[in-house]
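This is protein.pdb (PDB, C-alpha atoms, pLDDT in the B column).
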```pdb
ATOM      1  CA  MET F   1      35.646  63.936-118.187  1.00 46.00           C
ATOM      2  CA  ASN F   2      36.709  63.562-121.807  1.00 55.00           C
ATOM      3  CA  ASP F   3      37.840  60.030-122.788  1.00 76.00           C
ATOM      4  CA  THR F   4      39.985  61.252-125.676  1.00 89.00           C
ATOM      5  CA  PHE F   5      43.695  60.745-125.037  1.00 96.00           C
ATOM      6  CA  HIS F   6      44.825  64.368-125.242  1.00 98.00           C
ATOM      7  CA  ILE F   7      48.527  65.090-125.519  1.00 98.00           C
ATOM      8  CA  ALA F   8      50.438  68.334-125.311  1.00 98.00           C
ATOM      9  CA  VAL F   9      53.565  68.703-127.406  1.00 98.00           C
ATOM     10  CA  PHE F  10      56.317  71.032-126.185  1.00 98.00           C
ATOM     11  CA  ALA F  11      58.627  72.280-128.956  1.00 96.00           C
ATOM     12  CA  SER F  12      61.223  74.991-129.577  1.00 94.00           C
ATOM     13  CA  GLY F  13      62.275  74.501-133.191  1.00 93.00           C
ATOM     14  CA  THR F  14      61.124  73.558-136.673  1.00 93.00           C
ATOM     15  CA  GLY F  15      58.417  71.195-135.449  1.00 94.00           C
ATOM     16  CA  THR F  16      59.151  68.249-137.748  1.00 93.00           C
ATOM     17  CA  THR F  17      58.581  65.803-134.893  1.00 93.00           C
ATOM     18  CA  LEU F  18      55.417  67.694-133.939  1.00 96.00           C
ATOM     19  CA  GLN F  19      54.234  67.319-137.542  1.00 96.00           C
ATOM     20  CA  ARG F  20      54.819  63.567-137.402  1.00 96.00           C
ATOM     21  CA  LEU F  21      52.794  63.404-134.165  1.00 97.00           C
ATOM     22  CA  ILE F  22      49.981  65.401-135.817  1.00 98.00           C
ATOM     23  CA  ASP F  23      50.039  63.198-138.916  1.00 97.00           C
ATOM     24  CA  SER F  24      49.978  60.009-136.784  1.00 97.00           C
ATOM     25  CA  GLN F  25      47.131  60.884-134.385  1.00 96.00           C
ATOM     26  CA  ASP F  26      44.394  58.933-136.133  1.00 95.00           C
ATOM     27  CA  ARG F  27      46.603  55.885-136.638  1.00 96.00           C
ATOM     28  CA  TYR F  28      47.568  55.679-132.954  1.00 96.00           C
ATOM     29  CA  GLY F  29      44.369  57.015-131.366  1.00 95.00           C
ATOM     30  CA  TYR F  30      45.546  60.139-129.561  1.00 97.00           C
ATOM     31  CA  ARG F  31      44.816  63.827-130.132  1.00 97.00           C
ATOM     32  CA  VAL F  32      47.347  66.690-130.085  1.00 98.00           C
ATOM     33  CA  ALA F  33      45.241  69.108-128.044  1.00 98.00           C
ATOM     34  CA  LEU F  34      47.863  71.726-127.182  1.00 98.00           C
ATOM     35  CA  VAL F  35      51.261  72.856-128.406  1.00 98.00           C
ATOM     36  CA  VAL F  36      53.515  74.746-125.983  1.00 98.00           C
ATOM     37  CA  VAL F  37      56.451  76.752-127.319  1.00 97.00           C
ATOM     38  CA  ASN F  38      58.907  78.845-125.329  1.00 96.00           C
ATOM     39  CA  ARG F  39      59.850  81.136-128.229  1.00 95.00           C
ATOM     40  CA  GLU F  40      58.746  82.032-131.742  1.00 94.00           C
ATOM     41  CA  CYS F  41      59.398  78.999-133.895  1.00 96.00           C
ATOM     42  CA  MET F  42      58.134  77.027-136.870  1.00 97.00           C
ATOM     43  CA  ALA F  43      56.476  74.498-134.539  1.00 97.00           C
ATOM     44  CA  ALA F  44      53.915  77.183-133.638  1.00 97.00           C
ATOM     45  CA  ASP F  45      53.222  77.734-137.353  1.00 97.00           C
ATOM     46  CA  ARG F  46      52.659  73.993-137.859  1.00 97.00           C
ATOM     47  CA  ALA F  47      50.248  73.924-134.916  1.00 97.00           C
ATOM     48  CA  ALA F  48      48.321  76.923-136.276  1.00 97.00           C
ATOM     49  CA  LYS F  49      48.067  75.286-139.698  1.00 98.00           C
ATOM     50  CA  ALA F  50      46.592  72.183-138.008  1.00 98.00           C
ATOM     51  CA  HIS F  51      44.187  74.351-135.921  1.00 98.00           C
ATOM     52  CA  ILE F  52      45.791  73.226-132.640  1.00 98.00           C
ATOM     53  CA  PRO F  53      45.768  75.720-129.765  1.00 98.00           C
ATOM     54  CA  THR F  54      49.264  77.050-129.096  1.00 97.00           C
ATOM     55  CA  LEU F  55      50.648  78.622-125.960  1.00 98.00           C
ATOM     56  CA  GLN F  56      53.850  80.664-126.223  1.00 97.00           C
ATOM     57  CA  THR F  57      55.208  81.360-122.768  1.00 97.00           C
ATOM     58  CA  LYS F  58      58.008  80.592-120.330  1.00 96.00           C
ATOM     59  CA  ASP F  59      55.683  80.882-117.323  1.00 97.00           C
ATOM     60  CA  TRP F  60      55.228  77.419-115.819  1.00 98.00           C
ATOM     61  CA  GLU F  61      52.124  78.321-113.772  1.00 98.00           C
ATOM     62  CA  THR F  62      50.414  79.384-117.004  1.00 98.00           C
ATOM     63  CA  ILE F  63      51.578  76.209-118.736  1.00 98.00           C
ATOM     64  CA  ASP F  64      50.324  74.010-115.867  1.00 98.00           C
ATOM     65  CA  ASN F  65      46.909  75.720-115.879  1.00 98.00           C
ATOM     66  CA  SER F  66      46.608  75.320-119.655  1.00 98.00           C
ATOM     67  CA  LEU F  67      47.533  71.615-119.458  1.00 98.00           C
ATOM     68  CA  ARG F  68      44.709  71.031-116.990  1.00 97.00           C
ATOM     69  CA  ALA F  69      42.255  73.143-119.005  1.00 97.00           C
ATOM     70  CA  HIS F  70      42.950  71.026-122.113  1.00 97.00           C
ATOM     71  CA  GLU F  71      42.597  67.745-120.135  1.00 97.00           C
ATOM     72  CA  ILE F  72      46.102  66.659-121.087  1.00 98.00           C
ATOM     73  CA  LYS F  73      46.980  63.070-120.243  1.00 97.00           C
ATOM     74  CA  LEU F  74      50.538  63.031-121.645  1.00 98.00           C
ATOM     75  CA  ILE F  75      53.149  65.718-122.271  1.00 98.00           C
ATOM     76  CA  VAL F  76      55.517  64.967-125.142  1.00 98.00           C
ATOM     77  CA  LEU F  77      58.760  66.915-125.397  1.00 96.00           C
ATOM     78  CA  ALA F  78      59.762  67.169-129.057  1.00 92.00           C
ATOM     79  CA  GLY F  79      62.839  69.330-129.411  1.00 88.00           C
ATOM     80  CA  PHE F  80      61.904  71.453-126.409  1.00 91.00           C
ATOM     81  CA  LEU F  81      65.031  73.337-125.370  1.00 86.00           C
ATOM     82  CA  ALA F  82      64.181  74.173-121.783  1.00 89.00           C
ATOM     83  CA  ILE F  83      64.629  72.326-118.523  1.00 89.00           C
ATOM     84  CA  ILE F  84      61.336  71.309-116.912  1.00 94.00           C
ATOM     85  CA  PRO F  85      61.129  72.631-113.324  1.00 95.00           C
ATOM     86  CA  ASN F  86      61.192  70.032-110.531  1.00 95.00           C
ATOM     87  CA  TRP F  87      57.673  70.892-109.356  1.00 96.00           C
ATOM     88  CA  ILE F  88      56.268  70.203-112.844  1.00 97.00           C
ATOM     89  CA  CYS F  89      58.240  66.932-113.007  1.00 95.00           C
ATOM     90  CA  LYS F  90      56.717  65.873-109.675  1.00 96.00           C
ATOM     91  CA  LYS F  91      53.164  67.041-110.428  1.00 96.00           C
ATOM     92  CA  TRP F  92      53.130  65.345-113.862  1.00 97.00           C
ATOM     93  CA  GLU F  93      55.310  62.366-112.906  1.00 96.00           C
ATOM     94  CA  GLY F  94      54.807  59.460-115.288  1.00 96.00           C
ATOM     95  CA  GLN F  95      52.999  61.771-117.738  1.00 97.00           C
ATOM     96  CA  ILE F  96      55.960  63.525-119.399  1.00 98.00           C
ATOM     97  CA  ILE F  97      58.070  61.824-122.049  1.00 98.00           C
ATOM     98  CA  ASN F  98      61.002  63.014-124.102  1.00 96.00           C
ATOM     99  CA  ILE F  99      62.751  61.801-127.219  1.00 94.00           C
ATOM    100  CA  HIS F 100      66.533  62.112-127.088  1.00 95.00           C
ATOM    101  CA  PRO F 101      68.818  61.591-130.111  1.00 95.00           C
ATOM    102  CA  SER F 102      71.112  59.026-128.478  1.00 97.00           C
ATOM    103  CA  LEU F 103      70.969  55.599-126.919  1.00 98.00           C
ATOM    104  CA  LEU F 104      70.730  56.810-123.341  1.00 97.00           C
ATOM    105  CA  PRO F 105      72.428  56.734-120.926  1.00 96.00           C
ATOM    106  CA  LYS F 106      75.189  57.455-123.470  1.00 97.00           C
ATOM    107  CA  HIS F 107      75.509  61.038-124.686  1.00 97.00           C
ATOM    108  CA  GLY F 108      72.753  62.507-122.529  1.00 95.00           C
ATOM    109  CA  GLY F 109      72.541  65.243-119.931  1.00 91.00           C
ATOM    110  CA  LYS F 110      72.808  68.989-119.871  1.00 88.00           C
ATOM    111  CA  GLY F 111      74.113  70.501-123.091  1.00 89.00           C
ATOM    112  CA  MET F 112      73.684  67.287-125.094  1.00 92.00           C
ATOM    113  CA  TYR F 113      71.183  68.151-127.809  1.00 88.00           C
ATOM    114  CA  GLY F 114      71.081  68.624-131.540  1.00 88.00           C
ATOM    115  CA  ILE F 115      74.209  67.995-133.576  1.00 94.00           C
ATOM    116  CA  ARG F 116      76.357  67.913-130.414  1.00 96.00           C
ATOM    117  CA  VAL F 117      75.008  64.443-129.673  1.00 97.00           C
ATOM    118  CA  GLN F 118      76.070  62.966-133.011  1.00 98.00           C
ATOM    119  CA  GLU F 119      79.463  64.692-132.777  1.00 98.00           C
ATOM    120  CA  ALA F 120      79.919  62.934-129.419  1.00 98.00           C
ATOM    121  CA  VAL F 121      78.822  59.568-130.877  1.00 98.00           C
ATOM    122  CA  LEU F 122      81.385  59.826-133.678  1.00 98.00           C
ATOM    123  CA  ALA F 123      84.143  61.121-131.379  1.00 97.00           C
ATOM    124  CA  ALA F 124      83.574  58.139-129.064  1.00 97.00           C
ATOM    125  CA  GLY F 125      83.859  55.717-131.988  1.00 97.00           C
ATOM    126  CA  ASP F 126      80.451  54.204-131.227  1.00 98.00           C
ATOM    127  CA  LYS F 127      79.256  51.536-133.674  1.00 98.00           C
ATOM    128  CA  GLU F 128      75.601  52.309-132.894  1.00 98.00           C
ATOM    129  CA  ALA F 129      73.639  55.503-132.478  1.00 98.00           C
ATOM    130  CA  GLY F 130      69.901  55.987-132.210  1.00 98.00           C
ATOM    131  CA  CYS F 131      67.201  57.554-130.144  1.00 97.00           C
ATOM    132  CA  THR F 132      65.547  56.991-126.788  1.00 98.00           C
ATOM    133  CA  VAL F 133      62.052  57.741-125.540  1.00 98.00           C
ATOM    134  CA  HIS F 134      62.134  58.140-121.765  1.00 98.00           C
ATOM    135  CA  TYR F 135      60.102  59.511-118.906  1.00 98.00           C
ATOM    136  CA  VAL F 136      61.178  62.963-117.774  1.00 96.00           C
ATOM    137  CA  SER F 137      62.543  63.322-114.262  1.00 93.00           C
ATOM    138  CA  ALA F 138      64.361  66.079-112.401  1.00 88.00           C
ATOM    139  CA  GLU F 139      67.647  64.672-113.749  1.00 90.00           C
ATOM    140  CA  VAL F 140      68.198  65.792-117.366  1.00 90.00           C
ATOM    141  CA  ASP F 141      67.843  62.703-119.607  1.00 92.00           C
ATOM    142  CA  GLY F 142      67.827  60.554-116.467  1.00 93.00           C
ATOM    143  CA  GLY F 143      64.255  59.246-116.424  1.00 95.00           C
ATOM    144  CA  ARG F 144      63.268  55.618-116.957  1.00 97.00           C
ATOM    145  CA  ILE F 145      63.765  54.443-120.546  1.00 98.00           C
ATOM    146  CA  ILE F 146      60.600  53.394-122.392  1.00 98.00           C
ATOM    147  CA  ALA F 147      62.023  52.394-125.786  1.00 98.00           C
ATOM    148  CA  GLN F 148      65.023  52.831-128.061  1.00 98.00           C
ATOM    149  CA  SER F 149      65.632  52.609-131.795  1.00 98.00           C
ATOM    150  CA  VAL F 150      69.130  51.710-132.989  1.00 98.00           C
ATOM    151  CA  VAL F 151      70.797  53.295-136.023  1.00 98.00           C
ATOM    152  CA  GLU F 152      74.050  51.771-137.252  1.00 98.00           C
ATOM    153  CA  VAL F 153      76.977  54.186-137.512  1.00 98.00           C
ATOM    154  CA  GLN F 154      78.501  54.017-140.993  1.00 97.00           C
ATOM    155  CA  SER F 155      82.222  54.504-141.641  1.00 96.00           C
ATOM    156  CA  ASN F 156      81.603  57.575-143.818  1.00 97.00           C
ATOM    157  CA  ASP F 157      79.119  59.254-141.436  1.00 97.00           C
ATOM    158  CA  THR F 158      79.355  62.927-140.647  1.00 98.00           C
ATOM    159  CA  PRO F 159      77.480  64.351-137.670  1.00 98.00           C
ATOM    160  CA  GLN F 160      74.879  65.675-140.137  1.00 98.00           C
ATOM    161  CA  SER F 161      74.348  62.409-142.016  1.00 98.00           C
ATOM    162  CA  LEU F 162      74.051  60.463-138.779  1.00 98.00           C
ATOM    163  CA  ALA F 163      71.675  63.062-137.323  1.00 97.00           C
ATOM    164  CA  GLU F 164      69.405  62.746-140.376  1.00 96.00           C
ATOM    165  CA  ARG F 165      69.062  58.988-139.916  1.00 97.00           C
ATOM    166  CA  VAL F 166      68.521  59.334-136.163  1.00 97.00           C
ATOM    167  CA  GLN F 167      65.794  61.931-136.807  1.00 93.00           C
ATOM    168  CA  GLN F 168      64.033  59.507-139.140  1.00 94.00           C
ATOM    169  CA  ALA F 169      64.131  56.875-136.387  1.00 96.00           C
ATOM    170  CA  GLU F 170      62.737  59.430-133.901  1.00 94.00           C
ATOM    171  CA  LYS F 171      59.818  60.247-136.189  1.00 92.00           C
ATOM    172  CA  GLN F 172      58.928  56.548-136.407  1.00 95.00           C
ATOM    173  CA  LEU F 173      59.403  55.677-132.735  1.00 97.00           C
ATOM    174  CA  LEU F 174      57.718  58.566-130.919  1.00 97.00           C
ATOM    175  CA  PRO F 175      54.156  58.247-132.331  1.00 97.00           C
ATOM    176  CA  GLN F 176      54.283  54.474-131.742  1.00 97.00           C
ATOM    177  CA  ILE F 177      55.221  55.011-128.092  1.00 98.00           C
ATOM    178  CA  VAL F 178      52.490  57.619-127.584  1.00 98.00           C
ATOM    179  CA  GLY F 179      50.027  55.089-129.008  1.00 96.00           C
ATOM    180  CA  ARG F 180      51.378  52.380-126.706  1.00 96.00           C
ATOM    181  CA  LEU F 181      51.083  54.630-123.642  1.00 96.00           C
ATOM    182  CA  LYS F 182      47.526  55.540-124.668  1.00 94.00           C
ATOM    183  CA  ALA F 183      46.736  51.829-124.774  1.00 87.00           C
ATOM    184  CA  GLY F 184      48.137  51.445-121.259  1.00 83.00           C
ATOM    185  CA  ASP F 185      51.259  49.474-122.189  1.00 62.00           C
TER     186      ASP F 185
END
```

When written as structure tokens, how does the structure in this file appear?
Amino acid sequence: MNDTFHIAVFASGTGTTLQRLIDSQDRYGYRVALVVVNRECMAADRAAKAHIPTLQTKDWETIDNSLRAHEIKLIVLAGFLAIIPNWICKKWEGQIINIHPSLLPKHGGKGMYGIRVQEAVLAAGDKEAGCTVHYVSAEVDGGRIIAQSVVEVQSNDTPQSLAERVQQAEKQLLPQIVGRLKAGD
């Protein structure tokens, strides 16, 4: 069995968080061994440029088989816009993490992604926003919280300006947490 800490990154969009994970692998001692996308997207292009095998499918049996074939130890959801089926959540329990652009449990759940989250933060008058890394469970955004990074809401924030700062916090926090999980923390 390979001792390298192989991760799979699931993405559906531009892949900026994937790129940060790729760029941080040596620093934190893990290896992005597989990228899974559920549609054509820039994340797949980033993976190809980094010579990382990419699987584009919506078939969960195929995904599960590929995860095992690549000796994946951790699945990292990075802007993956699909709900993970219950049987995958159970089979990979404790091995799937997600980054969400809010301080969960606030502003989480079905339909809360992208700019919608920061619109909800501002509409609620929250003084703090941020991001949360959590384990994935059958309940959307309901898994145990691993870590959070707080971003102060400024009086002149728009959903876009707040989202930009939260995304910067995500890009810092997620590789650190992957490194921590690799180390067994």

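Our summary of the geometry notes that atom CA of F:Phe5 is positioned 14.0 Å from atom CA of F:Gln176.
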
**OP:** Decode the PyMOL selection byres ((chain F and resi 94) around 10) for the given file into explicit residues and return them as number ranges by chain.
**Re:** F: 73-75, 89-93, 95-97, 134-137, 143-144

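Candidate residues F:Ser161, F:Lys106, F:Ala120, F:Ile146 were compared for distance to F:Arg180, and the nearest is F:Ile146, using all atoms listed in the file.
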
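Closest to F:Val153 among F:Ala183, F:Thr132, F:Gly111, F:Glu119 is F:Glu119, based on all atoms listed in the file.
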
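Once the PyMOL selection byres ((chain F and resi 131) around 6) is applied to this file, the selection holds F:His100, F:Pro101, F:Ser102, F:Leu103, F:Gly130, F:Thr132, F:Gln148, F:Ser149.
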
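Atom to atom, atom CA of F:Asn86 and atom CA of F:Asn38 stand 17.4 Å apart.
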
Residues within 12 Å of F:Met112, please, as a PDB file with C-alpha atoms, keeping the file's coordinate frame. Count all atoms listed in the file; anything in the same chain fewer than 3 positions from it doesn't count.
```pdb
ATOM      1  CA  GLY F  79      62.839  69.330-129.411  1.00 88.00           C
ATOM      2  CA  LEU F  81      65.031  73.337-125.370  1.00 86.00           C
ATOM      3  CA  HIS F 100      66.533  62.112-127.088  1.00 95.00           C
ATOM      4  CA  PRO F 101      68.818  61.591-130.111  1.00 95.00           C
ATOM      5  CA  SER F 102      71.112  59.026-128.478  1.00 97.00           C
ATOM      6  CA  LEU F 104      70.730  56.810-123.341  1.00 97.00           C
ATOM      7  CA  PRO F 105      72.428  56.734-120.926  1.00 96.00           C
ATOM      8  CA  LYS F 106      75.189  57.455-123.470  1.00 97.00           C
ATOM      9  CA  HIS F 107      75.509  61.038-124.686  1.00 97.00           C
ATOM     10  CA  GLY F 108      72.753  62.507-122.529  1.00 95.00           C
ATOM     11  CA  GLY F 109      72.541  65.243-119.931  1.00 91.00           C
ATOM     12  CA  ILE F 115      74.209  67.995-133.576  1.00 94.00           C
ATOM     13  CA  ARG F 116      76.357  67.913-130.414  1.00 96.00           C
ATOM     14  CA  VAL F 117      75.008  64.443-129.673  1.00 97.00           C
ATOM     15  CA  GLN F 118      76.070  62.966-133.011  1.00 98.00           C
ATOM     16  CA  GLU F 119      79.463  64.692-132.777  1.00 98.00           C
ATOM     17  CA  ALA F 120      79.919  62.934-129.419  1.00 98.00           C
ATOM     18  CA  VAL F 121      78.822  59.568-130.877  1.00 98.00           C
ATOM     19  CA  VAL F 140      68.198  65.792-117.366  1.00 90.00           C
ATOM     20  CA  ASP F 141      67.843  62.703-119.607  1.00 92.00           C
TER      21      ASP F 141
END
```

Subject >> Top pick for closest residue to F:Gln56, considering F:Arg68, F:Lys171, F:Lys182, F:Arg39 and counting all atoms listed in the file >> reply: F:Arg39

**OP:** Compile the contact shell of F:Ala78 as number ranges by chain: residues with an atom at most 7 Å away, counting only C-alpha atoms, same-chain residues fewer than 3 positions apart removed.
**Re:** F: 9-11, 17-18, 98-99

**OP:** In the coordinate frame of the file, compute which residues have an atom within 12 Å of (56.6, 84.3, -131.9) when using all atoms listed in the file, and state them as a ChimeraX atom specification.
**Re:** /F:12-13,36-45,48,54-57
